[in-house]
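Enquirer: Next up, work14.tsv (TSV, C-alpha atoms).
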```
chain	number	residue	atom	x	y	z
A	321	MET	CA	1.30	-31.59	-3.40
A	322	ALA	CA	3.26	-28.86	-1.68
A	323	ASP	CA	6.22	-29.23	-4.04
A	324	ARG	CA	4.25	-29.26	-7.27
A	325	LYS	CA	5.10	-26.22	-9.38
A	326	ILE	CA	1.99	-24.49	-10.57
A	327	LEU	CA	0.99	-21.46	-12.56
A	328	PRO	CA	-1.34	-18.89	-10.96
A	329	PRO	CA	-4.72	-20.54	-10.46
A	330	LYS	CA	-7.03	-20.17	-13.43
A	331	VAL	CA	-10.26	-18.58	-12.32
A	332	PRO	CA	-13.12	-18.79	-14.81
A	333	VAL	CA	-14.53	-15.33	-15.44
A	334	PRO	CA	-17.52	-14.03	-17.33
A	335	SER	CA	-16.41	-12.52	-20.64
A	336	SER	CA	-17.58	-9.06	-19.60
A	337	THR	CA	-14.70	-8.71	-17.13
A	338	VAL	CA	-12.08	-9.47	-19.80
A	339	TYR	CA	-11.22	-6.19	-21.49
A	340	SER	CA	-11.57	-5.85	-25.22
A	341	GLY	CA	-8.42	-3.78	-25.62
A	342	PRO	CA	-5.66	-1.75	-23.97
A	343	ARG	CA	-7.78	1.38	-23.81
A	344	SER	CA	-10.71	-0.12	-21.91
A	345	ALA	CA	-8.35	-1.93	-19.53
A	346	PHE	CA	-6.45	1.33	-18.90
A	347	ALA	CA	-9.70	3.21	-18.23
A	348	ALA	CA	-10.94	0.49	-15.86
A	349	GLY	CA	-7.65	0.59	-13.94
A	350	ALA	CA	-7.92	4.35	-13.50
A	351	ARG	CA	-11.62	4.13	-12.56
A	352	ASP	CA	-11.06	1.43	-9.91
A	353	THR	CA	-8.24	3.52	-8.40
A	354	PHE	CA	-10.42	6.60	-7.86
A	355	PRO	CA	-11.35	5.88	-4.20
A	356	LEU	CA	-7.66	5.43	-3.41
A	357	ILE	CA	-6.84	8.75	-5.05
A	358	VAL	CA	-9.15	10.43	-2.53
A	359	GLY	CA	-7.11	8.92	0.30
A	360	ALA	CA	-3.79	9.80	-1.37
A	361	ILE	CA	-4.59	13.49	-1.92
A	362	PRO	CA	-4.02	14.64	1.69
A	363	PHE	CA	-0.93	12.43	1.88
A	364	GLY	CA	0.66	14.15	-1.15
A	365	VAL	CA	-0.37	17.63	-0.06
A	366	VAL	CA	1.09	17.08	3.41
A	367	PHE	CA	4.31	15.75	1.88
A	368	GLY	CA	4.73	18.89	-0.25
A	369	ALA	CA	3.88	21.17	2.68
A	370	LEU	CA	6.13	19.29	5.11
A	371	ALA	CA	9.10	19.38	2.71
A	372	THR	CA	8.57	23.11	2.15
A	373	THR	CA	8.25	23.94	5.86
A	374	SER	CA	11.42	21.84	6.47
A	375	GLY	CA	13.27	24.18	4.12
A	376	PHE	CA	13.36	22.13	0.92
A	377	PRO	CA	13.34	24.12	-2.37
A	378	ALA	CA	10.36	23.51	-4.64
A	379	TRP	CA	12.45	21.87	-7.39
A	380	ALA	CA	13.95	19.31	-4.97
A	381	THR	CA	10.55	18.44	-3.52
A	382	LEU	CA	9.03	17.97	-6.98
A	383	ALA	CA	12.06	16.01	-8.20
A	384	MET	CA	11.71	13.62	-5.28
A	385	SER	CA	8.06	12.95	-6.10
A	386	LEU	CA	8.85	12.54	-9.82
A	387	LEU	CA	11.86	10.24	-9.38
A	388	VAL	CA	11.31	8.31	-6.16
A	389	PHE	CA	7.50	8.03	-6.07
A	390	ALA	CA	7.30	6.26	-2.70
A	391	GLY	CA	5.14	8.12	-0.17
A	392	SER	CA	6.31	6.84	3.20
A	393	ALA	CA	9.97	6.68	2.08
A	394	GLN	CA	9.74	10.30	0.90
A	395	PHE	CA	8.32	11.40	4.28
A	396	ILE	CA	11.11	9.68	6.16
A	397	GLY	CA	13.65	10.88	3.57
A	398	ILE	CA	12.89	14.58	4.04
A	399	GLY	CA	12.99	14.09	7.82
A	400	LEU	CA	16.43	12.46	7.63
A	401	ILE	CA	17.83	14.95	5.10
A	402	ALA	CA	16.59	17.87	7.23
A	403	GLN	CA	18.44	16.34	10.21
A	404	HIS	CA	21.64	16.03	8.08
A	405	VAL	CA	21.79	12.24	8.44
A	406	ALA	CA	24.58	10.56	6.41
A	407	PRO	CA	23.55	9.80	2.79
A	408	GLY	CA	24.39	6.09	3.15
A	409	LEU	CA	22.00	5.76	6.09
A	410	ILE	CA	19.24	7.57	4.17
A	411	VAL	CA	19.63	5.13	1.27
A	412	PHE	CA	19.61	2.16	3.66
A	413	THR	CA	16.49	3.46	5.46
A	414	THR	CA	14.73	3.92	2.12
A	415	LEU	CA	15.54	0.32	1.26
A	416	VAL	CA	14.14	-0.98	4.56
A	417	VAL	CA	11.01	1.19	4.42
A	418	ASN	CA	10.30	-0.12	0.93
A	419	LEU	CA	11.00	-3.80	1.69
A	420	ARG	CA	7.26	-4.52	1.65
A	421	HIS	CA	7.35	-3.84	-2.10
A	422	MET	CA	9.39	-7.03	-2.47
A	423	LEU	CA	6.37	-8.91	-1.17
A	424	TYR	CA	4.09	-7.01	-3.56
A	425	ALA	CA	6.41	-7.68	-6.50
A	426	ALA	CA	6.62	-11.39	-5.64
A	427	SER	CA	2.85	-11.60	-5.57
A	428	LEU	CA	2.27	-9.67	-8.85
A	429	GLY	CA	5.12	-11.32	-10.78
A	430	PRO	CA	3.36	-14.61	-11.61
A	431	TYR	CA	0.51	-12.69	-13.27
A	432	LEU	CA	2.89	-10.64	-15.45
A	433	ARG	CA	5.20	-13.40	-16.61
A	434	TYR	CA	4.23	-12.86	-20.24
A	435	LEU	CA	5.74	-9.35	-20.28
A	436	PRO	CA	9.24	-8.40	-21.51
A	437	HIS	CA	11.65	-6.46	-19.28
A	438	ARG	CA	10.95	-3.14	-21.02
A	439	TRP	CA	7.45	-3.43	-19.53
A	440	LEU	CA	8.46	-4.74	-16.13
A	441	ILE	CA	10.82	-1.86	-15.34
A	442	PRO	CA	8.17	0.91	-15.59
A	443	ILE	CA	5.68	-1.35	-13.79
A	444	ALA	CA	8.19	-1.75	-10.96
A	445	PHE	CA	8.77	2.00	-10.87
A	446	TRP	CA	5.04	2.74	-10.59
A	447	LEU	CA	4.26	0.06	-8.00
A	448	THR	CA	2.65	1.54	-4.87
A	449	ASP	CA	0.54	0.23	-1.98
A	450	GLU	CA	-2.58	1.58	-3.64
A	451	THR	CA	-1.96	0.30	-7.17
A	452	TYR	CA	-0.93	-3.07	-5.76
A	453	ALA	CA	-4.15	-3.35	-3.78
A	454	VAL	CA	-6.32	-2.52	-6.80
A	455	THR	CA	-4.49	-4.60	-9.41
A	456	ILE	CA	-3.96	-7.76	-7.36
A	457	ARG	CA	-7.70	-7.92	-6.75
A	458	ARG	CA	-8.37	-7.61	-10.49
A	459	PHE	CA	-5.62	-10.07	-11.43
A	460	GLN	CA	-6.94	-12.68	-8.99
A	461	GLN	CA	-10.49	-12.28	-10.29
A	462	SER	CA	-9.70	-12.42	-14.01
A	463	SER	CA	-6.48	-14.28	-14.67
A	464	ASP	CA	-7.42	-14.71	-18.37
A	465	ASP	CA	-7.19	-11.01	-19.12
A	466	VAL	CA	-4.33	-10.41	-21.59
A	467	TYR	CA	-4.57	-6.63	-21.19
A	468	ARG	CA	-4.02	-6.66	-17.45
A	469	HIS	CA	-0.75	-4.73	-17.71
A	470	TRP	CA	-2.76	-1.88	-19.24
A	471	TYR	CA	-5.10	-2.08	-16.25
A	472	PHE	CA	-2.01	-1.70	-14.06
A	473	CYS	CA	-0.83	1.32	-16.10
A	474	GLY	CA	-4.22	3.01	-15.82
A	475	SER	CA	-4.13	2.68	-12.05
A	476	ALA	CA	-0.43	3.59	-11.73
A	477	LEU	CA	-0.43	6.64	-14.02
A	478	PHE	CA	-3.50	8.05	-12.26
A	479	MET	CA	-1.71	7.66	-8.92
A	480	TYR	CA	1.52	9.11	-10.35
A	481	GLY	CA	-0.12	12.17	-11.91
A	482	ASN	CA	-2.14	12.79	-8.75
A	483	TRP	CA	0.99	12.50	-6.59
A	484	GLN	CA	2.80	15.18	-8.64
A	485	LEU	CA	-0.21	17.50	-8.57
A	486	CYS	CA	-0.69	17.07	-4.81
A	487	THR	CA	3.01	17.61	-4.12
A	488	ALA	CA	2.79	20.90	-6.05
A	489	ILE	CA	-0.35	21.96	-4.15
A	490	GLY	CA	1.41	21.07	-0.89
A	491	ILE	CA	4.41	23.22	-1.80
A	492	VAL	CA	2.14	26.21	-2.36
A	493	ALA	CA	0.15	25.46	0.81
A	494	GLY	CA	3.34	24.98	2.83
A	495	ARG	CA	4.37	28.54	2.04
A	496	GLN	CA	1.04	29.86	3.37
A	497	ILE	CA	0.68	27.79	6.54
A	498	GLY	CA	3.42	26.33	8.70
A	499	HIS	CA	3.39	23.16	10.83
A	500	ALA	CA	1.94	20.78	8.23
A	501	ALA	CA	2.65	17.84	10.54
A	502	GLU	CA	0.03	19.08	13.01
A	503	TRP	CA	-2.88	18.88	10.56
A	504	GLY	CA	-3.26	15.15	11.20
A	505	LEU	CA	-4.00	14.51	7.53
A	506	ASP	CA	-1.82	11.42	7.79
A	507	PHE	CA	-4.97	9.73	9.08
A	508	ALA	CA	-6.11	9.58	5.43
A	509	MET	CA	-3.59	6.79	4.86
A	510	VAL	CA	-4.91	4.82	7.84
A	511	ALA	CA	-8.52	5.17	6.66
A	512	THR	CA	-7.53	4.12	3.13
A	513	PHE	CA	-5.71	1.00	4.28
A	514	ILE	CA	-8.57	0.06	6.62
A	515	GLY	CA	-10.96	0.36	3.68
A	516	ILE	CA	-8.75	-1.96	1.61
A	517	VAL	CA	-8.01	-4.56	4.29
A	518	VAL	CA	-11.35	-5.09	6.02
A	519	PRO	CA	-13.22	-6.40	2.94
A	520	LEU	CA	-10.27	-8.75	2.21
A	521	ILE	CA	-10.69	-10.48	5.58
A	522	LYS	CA	-12.73	-13.53	4.71
A	523	GLY	CA	-12.33	-16.65	6.81
A	524	ARG	CA	-10.42	-17.39	9.99
A	525	PRO	CA	-6.89	-17.74	8.55
A	526	MET	CA	-7.09	-14.22	7.09
A	527	LEU	CA	-8.49	-12.82	10.37
A	528	LEU	CA	-5.70	-14.56	12.28
A	529	CYS	CA	-3.12	-13.14	9.86
A	530	ALA	CA	-4.46	-9.60	10.41
A	531	ALA	CA	-4.55	-10.04	14.21
A	532	VAL	CA	-0.99	-11.39	14.42
A	533	ALA	CA	0.40	-8.75	12.03
A	534	GLY	CA	-1.47	-5.93	13.80
A	535	ILE	CA	-0.50	-6.92	17.35
A	536	THR	CA	3.14	-7.62	16.40
A	537	ALA	CA	3.42	-4.26	14.63
A	538	VAL	CA	2.25	-2.41	17.77
A	539	ALA	CA	4.49	-4.49	20.07
A	540	ALA	CA	7.54	-4.00	17.83
A	541	HIS	CA	6.95	-0.40	16.73
A	542	GLY	CA	10.01	0.73	18.72
A	543	LEU	CA	12.40	-1.10	16.37
A	544	PRO	CA	14.32	1.24	14.05
A	545	HIS	CA	13.73	1.69	10.31
A	546	GLN	CA	10.26	0.14	10.35
A	547	LEU	CA	11.80	-3.30	10.93
A	548	GLY	CA	8.81	-3.96	13.21
A	549	LEU	CA	6.58	-3.66	10.13
A	550	MET	CA	8.53	-6.33	8.25
A	551	LEU	CA	8.61	-8.62	11.29
A	552	ALA	CA	4.84	-8.18	11.74
A	553	ALA	CA	4.11	-8.81	8.06
A	554	VAL	CA	6.23	-11.96	7.89
A	555	LEU	CA	4.73	-13.37	11.13
A	556	GLY	CA	1.20	-12.57	9.97
A	557	ILE	CA	1.75	-14.26	6.60
A	558	ALA	CA	3.34	-17.31	8.29
A	559	VAL	CA	0.54	-17.74	10.85
A	560	GLY	CA	-2.18	-17.13	8.26
A	561	SER	CA	-0.85	-19.69	5.79
A	562	PHE	CA	-0.23	-22.21	8.58
A	563	ALA	CA	-3.81	-21.80	9.78
A	564	GLU	CA	-5.07	-22.25	6.23
A	565	ARG	CA	-3.11	-25.49	5.81
A	566	VAL	CA	-4.46	-26.79	9.13
A	567	ALA	CA	-8.01	-25.88	8.11
A	568	ARG	CA	-7.56	-27.62	4.75
A	569	ALA	CA	-6.06	-30.74	6.35
A	570	ARG	CA	-9.12	-31.01	8.58
A	571	GLY	CA	-11.29	-30.73	5.49
B	1351	MET	CA	16.53	6.78	-3.00
B	1352	MET	CA	15.22	6.19	-6.50
B	1353	GLY	CA	17.71	3.35	-7.04
B	1354	VAL	CA	16.93	1.39	-3.89
B	1355	THR	CA	13.20	1.98	-4.26
B	1356	LEU	CA	13.35	0.36	-7.69
B	1357	LEU	CA	15.59	-2.35	-6.23
B	1358	THR	CA	12.82	-3.45	-3.86
B	1359	ARG	CA	10.19	-3.42	-6.59
B	1360	TYR	CA	11.86	-4.84	-9.67
B	1361	PRO	CA	13.88	-8.04	-9.01
B	1362	LEU	CA	11.10	-10.20	-7.60
B	1363	LEU	CA	8.63	-8.87	-10.17
B	1364	ALA	CA	10.92	-10.17	-12.91
B	1365	LEU	CA	11.99	-13.35	-11.10
B	1366	THR	CA	8.62	-14.64	-9.98
B	1367	GLY	CA	7.42	-14.13	-13.53
B	1368	ARG	CA	10.19	-16.29	-14.98
B	1369	ILE	CA	10.27	-19.13	-12.46
B	1370	ALA	CA	7.20	-21.05	-11.34
B	1371	LEU	CA	6.46	-20.76	-7.64
B	1372	PRO	CA	5.63	-23.70	-5.38
B	1373	GLN	CA	1.96	-23.71	-4.46
B	1374	ARG	CA	2.84	-23.18	-0.79
B	1375	VAL	CA	4.53	-19.87	-1.65
B	1376	PHE	CA	1.66	-18.82	-3.88
B	1377	ALA	CA	-0.84	-19.53	-1.10
B	1378	ALA	CA	1.25	-17.49	1.34
B	1379	LEU	CA	1.37	-14.50	-1.03
B	1380	ARG	CA	-2.43	-14.14	-0.76
B	1381	PHE	CA	-1.86	-12.97	2.82
B	1382	VAL	CA	0.55	-10.18	1.82
B	1383	PRO	CA	-1.87	-7.23	1.46
B	1384	VAL	CA	-3.72	-7.95	4.71
B	1385	ALA	CA	-0.52	-8.53	6.72
B	1386	VAL	CA	1.40	-5.50	5.42
B	1387	LEU	CA	-1.42	-2.95	5.43
B	1388	THR	CA	-2.66	-4.02	8.89
B	1389	ALA	CA	0.89	-3.75	10.22
B	1390	ILE	CA	1.11	-0.19	8.85
B	1391	CYS	CA	-2.24	0.82	10.40
B	1392	THR	CA	-2.12	-0.54	13.96
B	1393	PRO	CA	0.98	1.39	15.15
B	1394	ALA	CA	-0.47	4.55	13.56
B	1395	MET	CA	-3.69	3.97	15.56
B	1396	PHE	CA	-2.38	2.73	18.92
B	1397	THR	CA	0.91	4.64	19.14
B	1398	PRO	CA	0.36	7.87	17.14
B	1399	SER	CA	2.89	9.86	19.17
B	1400	GLY	CA	5.24	6.98	19.96
B	1401	GLU	CA	3.55	5.81	23.17
B	1402	PHE	CA	0.81	3.18	23.42
B	1403	THR	CA	-2.45	4.92	24.36
B	1404	PHE	CA	-6.16	4.17	24.72
B	1405	ALA	CA	-6.89	7.77	25.72
B	1406	LEU	CA	-10.04	9.44	24.41
B	1407	GLU	CA	-7.83	12.17	22.95
B	1408	ASN	CA	-6.30	9.59	20.58
B	1409	ALA	CA	-8.40	10.38	17.52
B	1410	TYR	CA	-6.31	8.01	15.38
B	1411	LEU	CA	-7.51	5.05	17.45
B	1412	TRP	CA	-11.20	5.89	17.82
B	1413	ALA	CA	-11.70	7.20	14.30
B	1414	GLY	CA	-9.76	4.17	13.05
B	1415	LEU	CA	-12.06	1.76	14.91
B	1416	LEU	CA	-15.11	3.58	13.54
B	1417	ALA	CA	-13.60	3.30	10.04
B	1418	VAL	CA	-13.20	-0.46	10.59
B	1419	ALA	CA	-16.90	-0.66	11.49
B	1420	VAL	CA	-17.90	1.35	8.39
B	1421	ALA	CA	-15.67	-0.81	6.16
B	1422	TRP	CA	-17.09	-4.00	7.69
B	1423	LEU	CA	-20.71	-2.94	7.22
B	1424	SER	CA	-20.48	-1.13	3.88
B	1425	ARG	CA	-17.56	-2.91	2.13
B	1426	ASN	CA	-17.19	0.42	0.31
B	1427	LEU	CA	-13.70	1.92	0.12
B	1428	LEU	CA	-14.62	5.49	-0.76
B	1429	LEU	CA	-17.27	5.65	1.97
B	1430	THR	CA	-14.76	4.26	4.49
B	1431	ILE	CA	-12.16	6.91	3.62
B	1432	VAL	CA	-14.60	9.83	3.66
B	1433	ALA	CA	-16.40	8.67	6.83
B	1434	GLY	CA	-13.09	7.86	8.53
B	1435	MET	CA	-11.68	11.33	7.79
B	1436	ALA	CA	-14.91	12.98	8.95
B	1437	PHE	CA	-14.87	11.00	12.23
B	1438	PHE	CA	-11.23	11.89	12.69
B	1439	PHE	CA	-11.64	15.64	12.36
B	1440	VAL	CA	-14.85	15.75	14.42
B	1441	TRP	CA	-13.23	13.61	17.14
B	1442	ARG	CA	-10.17	15.85	17.29
B	1443	TRP	CA	-12.33	18.93	17.39
B	1444	VAL	CA	-14.48	17.52	20.22
B	1445	ALA	CA	-11.87	15.62	22.27
B	1446	GLY	CA	-8.88	17.79	21.44
B	1447	GLY	CA	-5.38	16.48	21.89
B	1448	LEU	CA	-3.35	14.27	19.55
```
Can you turn what I pasted into structure tokens?

Expert:
Amino acid sequence: MADRKILPPKVPVPSSTVYSGPRSAFAAGARDTFPLIVGAIPFGVVFGALATTSGFPAWATLAMSLLVFAGSAQFIGIGLIAQHVAPGLIVFTTLVVNLRHMLYAASLGPYLRYLPHRWLIPIAFWLTDETYAVTIRRFQQSSDDVYRHWYFCGSALFMYGNWQLCTAIGIVAGRQIGHAAEWGLDFAMVATFIGIVVPLIKGRPMLLCAAVAGITAVAAHGLPHQLGLMLAAVLGIAVGSFAERVARARG
Amino acid sequence: MMGVTLLTRYPLLALTGRIALPQRVFAALRFVPVAVLTAICTPAMFTPSGEFTFALENAYLWAGLLAVAVAWLSRNLLLTIVAGMAFFFVWRWVAGGL
């Protein structure tokens, strides 16, 4: 059983959740992302303000948001650049901070296997925590939807446009008020992730996964380059799936 | 930074689409969002300034726990974000500190 190769599970869905065309799928993706946009606004504004108060020119700050488009990596990046850390180390830190995206990509990939590479590259570029959270839920609910990549694009482009706008607002705000780090707006990210995670916790294996990941992350937060985060995530996933197999074996 | 960011996002997206995954791996991937997002949140709540603290001044922790309660009861993302932010700013204003 464990070695059988399978496609993503087919979940029967009512026809109303299968979109009639690219446009309605795109609109639904953007609509479902709206709550996450609210949480991302302070994050983007603080990034722009923080970069500006750290002495970054406006063009460099905007270019980073346009080309990198990875919130936490950008925060750490401006911190490291401002401290004149070696470029190689900055690149390596970016890689480690973004390692969680490998897990996201591995989990989205099976649902997008019908797409050619010219689609997968922009999808990879626009992949974020928020868009992942919204699209994986939709993909799992309606695996028959042939327009699901348009749903992804609706979510991703909304996030991308918002990120650029908020970075620009942050740059302007950063020139008015100093010490952006002291606003505490980074709590918006915590509240957003709590709002995503809590409804996903159904059943004991998932609760166990969250508990193990959460406790490990706190215990290992002293490790450099967010390695504690990766360790916590991998342990949580391992314990959660083990618990699920045990529960299933018991019937 | 752009190159390595894409490097973490693209290869597995392409690979897992081309090769079929064992069911065990597919079952494990369902735990990804909960594990990763929880592991981002808990250090931000319990160690906001680098040190583990249960102090009342730690608004990240107490507003975070209230946000968990709101999310649990309402199952509404937008409400959780707005209520969580409101708790956070009120808590900081009242308790001061962090």

Enquirer: May I have the residues within 7 Å of Arg433 in chain A as a PyMOL selection string, using only C-alpha atoms and disregarding those fewer than 2 positions away in the same chain?

Expert: (chain A and resi 429-431+435) or (chain B and resi 1367-1368)

Enquirer: Counting all atoms listed in the file, what are the residues of range 1363-1390 of chain B within 7 Å of range 522-535 of chain A, and for each of them which pair of atoms is the nearest and at what distance in Å, to one decimal? Sort the table by chain and rising number, as CSV.

Expert:
```
residue,atom,partner,partner_atom,distance
B:Phe1381,CA,A:Met526,CA,6.9
B:Val1384,CA,A:Ala530,CA,6.0
B:Ala1385,CA,A:Ala533,CA,5.4
B:Thr1388,CA,A:Gly534,CA,5.4
B:Ala1389,CA,A:Gly534,CA,4.8
```

Enquirer: Residues of chain B within 8 Å of chain A, using all atoms listed in the file, as number ranges by chain?

Expert: B: 1351-1352, 1354-1368, 1370-1374, 1376-1397, 1400, 1410, 1414, 1417-1418, 1421-1422, 1425-1428, 1430-1431, 1434-1435, 1438

Enquirer: Which residue, A:Pro362, A:Ala378, A:Arg351, A:Ser344, has the smallest gap to Val1432 in chain B when you use all atoms listed in the file?

Expert: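 Going through A:Pro362, A:Ala378, A:Arg351, A:Ser344 one by one, the smallest distance to Val1432 in chain B is for A:Pro362.
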
Enquirer: State, in Å with one decimal place, the distance from CA of Ala488 in chain A to CA of Leu382 in chain A.

Expert: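 Atom-to-atom, CA of Ala488 in chain A and CA of Leu382 in chain A are spaced 7.0 Å apart.
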
Enquirer: Quote the spacing between CA of Ile491 in chain A and CA of Thr372 in chain A in Å to one decimal place.

Expert: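 CA of Thr372 in chain A lies at a distance of 5.7 Å from CA of Ile491 in chain A.
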
Enquirer: Just the number, please: distance in Å from CA of Asp352 in chain A to CA of Thr455 in chain A, one decimal.

Expert: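 One can read the CA of Asp352 in chain A to CA of Thr455 in chain A distance as 8.9 Å.
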
Enquirer: Here is a test: counting only C-alpha atoms, which residue of B:Ser1424, B:Trp1412, B:Val1375, B:Glu1407 is nearest to Trp1443 in chain B?

Expert: B:Glu1407

Enquirer: Which protein, DNA or RNA residues have an atom at most 8 Å from (-7.9, 11.1, 20.2), counting all atoms listed in the file? List them as an mmCIF file with C-alpha atoms, keeping the file's coordinate frame.

Expert:
```cif
data_model
loop_
_atom_site.group_PDB
_atom_site.id
_atom_site.type_symbol
_atom_site.label_atom_id
_atom_site.label_comp_id
_atom_site.auth_asym_id
_atom_site.auth_seq_id
_atom_site.Cartn_x
_atom_site.Cartn_y
_atom_site.Cartn_z
ATOM 1 C CA ALA B 1405 -6.890 7.770 25.720
ATOM 2 C CA LEU B 1406 -10.040 9.440 24.410
ATOM 3 C CA GLU B 1407 -7.830 12.170 22.950
ATOM 4 C CA ASN B 1408 -6.300 9.590 20.580
ATOM 5 C CA ALA B 1409 -8.400 10.380 17.520
ATOM 6 C CA TYR B 1410 -6.310 8.010 15.380
ATOM 7 C CA LEU B 1411 -7.510 5.050 17.450
ATOM 8 C CA TRP B 1412 -11.200 5.890 17.820
ATOM 9 C CA TRP B 1441 -13.230 13.610 17.140
ATOM 10 C CA ARG B 1442 -10.170 15.850 17.290
ATOM 11 C CA ALA B 1445 -11.870 15.620 22.270
ATOM 12 C CA GLY B 1446 -8.880 17.790 21.440
ATOM 13 C CA GLY B 1447 -5.380 16.480 21.890
ATOM 14 C CA LEU B 1448 -3.350 14.270 19.550
#
```

Enquirer: Taking every listed atom of range 1411-1421 of chain B and adding 3 Å to each side, what centre and edge lengths in Å (one decimal) does the axis-aligned box have, as lines of an AutoDock Vina configuration file?

Expert:
```
center_x = -12.7
center_y = 3.2
center_z = 12.0
size_x = 16.4
size_y = 14.0
size_z = 17.7
```

Enquirer: Have range 389-400 of chain A completed to N, CA and C atoms, please, and pass it along as a PDB file, in the coordinates of the input.

Expert:
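out_32.pdb, written as the output of this step:
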```pdb
ATOM      1  N   PHE A 389       8.885   8.503  -6.049  1.00  0.00           N
ATOM      2  CA  PHE A 389       7.500   8.030  -6.070  1.00  0.00           C
ATOM      3  C   PHE A 389       7.271   6.910  -5.058  1.00  0.00           C
ATOM      4  N   ALA A 390       7.542   7.217  -3.776  1.00  0.00           N
ATOM      5  CA  ALA A 390       7.300   6.260  -2.700  1.00  0.00           C
ATOM      6  C   ALA A 390       6.938   7.067  -1.463  1.00  0.00           C
ATOM      7  N   GLY A 391       5.634   7.198  -1.184  1.00  0.00           N
ATOM      8  CA  GLY A 391       5.140   8.120  -0.170  1.00  0.00           C
ATOM      9  C   GLY A 391       5.830   8.060   1.171  1.00  0.00           C
ATOM     10  N   SER A 392       5.778   6.882   1.843  1.00  0.00           N
ATOM     11  CA  SER A 392       6.310   6.840   3.200  1.00  0.00           C
ATOM     12  C   SER A 392       7.830   7.028   3.192  1.00  0.00           C
ATOM     13  N   ALA A 393       8.520   6.512   2.167  1.00  0.00           N
ATOM     14  CA  ALA A 393       9.970   6.680   2.080  1.00  0.00           C
ATOM     15  C   ALA A 393      10.316   8.157   1.886  1.00  0.00           C
ATOM     16  N   GLN A 394       9.481   8.878   1.119  1.00  0.00           N
ATOM     17  CA  GLN A 394       9.740  10.300   0.900  1.00  0.00           C
ATOM     18  C   GLN A 394       9.577  11.088   2.205  1.00  0.00           C
ATOM     19  N   PHE A 395       8.527  10.743   2.989  1.00  0.00           N
ATOM     20  CA  PHE A 395       8.320  11.400   4.280  1.00  0.00           C
ATOM     21  C   PHE A 395       9.535  11.217   5.173  1.00  0.00           C
ATOM     22  N   ILE A 396       9.977   9.976   5.292  1.00  0.00           N
ATOM     23  CA  ILE A 396      11.110   9.680   6.160  1.00  0.00           C
ATOM     24  C   ILE A 396      12.374  10.317   5.576  1.00  0.00           C
ATOM     25  N   GLY A 397      12.489  10.291   4.237  1.00  0.00           N
ATOM     26  CA  GLY A 397      13.650  10.880   3.570  1.00  0.00           C
ATOM     27  C   GLY A 397      13.829  12.350   3.881  1.00  0.00           C
ATOM     28  N   ILE A 398      12.734  13.140   3.767  1.00  0.00           N
ATOM     29  CA  ILE A 398      12.890  14.580   4.040  1.00  0.00           C
ATOM     30  C   ILE A 398      13.234  14.809   5.498  1.00  0.00           C
ATOM     31  N   GLY A 399      12.668  13.970   6.390  1.00  0.00           N
ATOM     32  CA  GLY A 399      12.990  14.090   7.820  1.00  0.00           C
ATOM     33  C   GLY A 399      14.478  13.866   8.066  1.00  0.00           C
ATOM     34  N   LEU A 400      15.017  12.810   7.423  1.00  0.00           N
ATOM     35  CA  LEU A 400      16.430  12.460   7.630  1.00  0.00           C
ATOM     36  C   LEU A 400      17.343  13.501   6.985  1.00  0.00           C
TER      37      LEU A 400
END
```
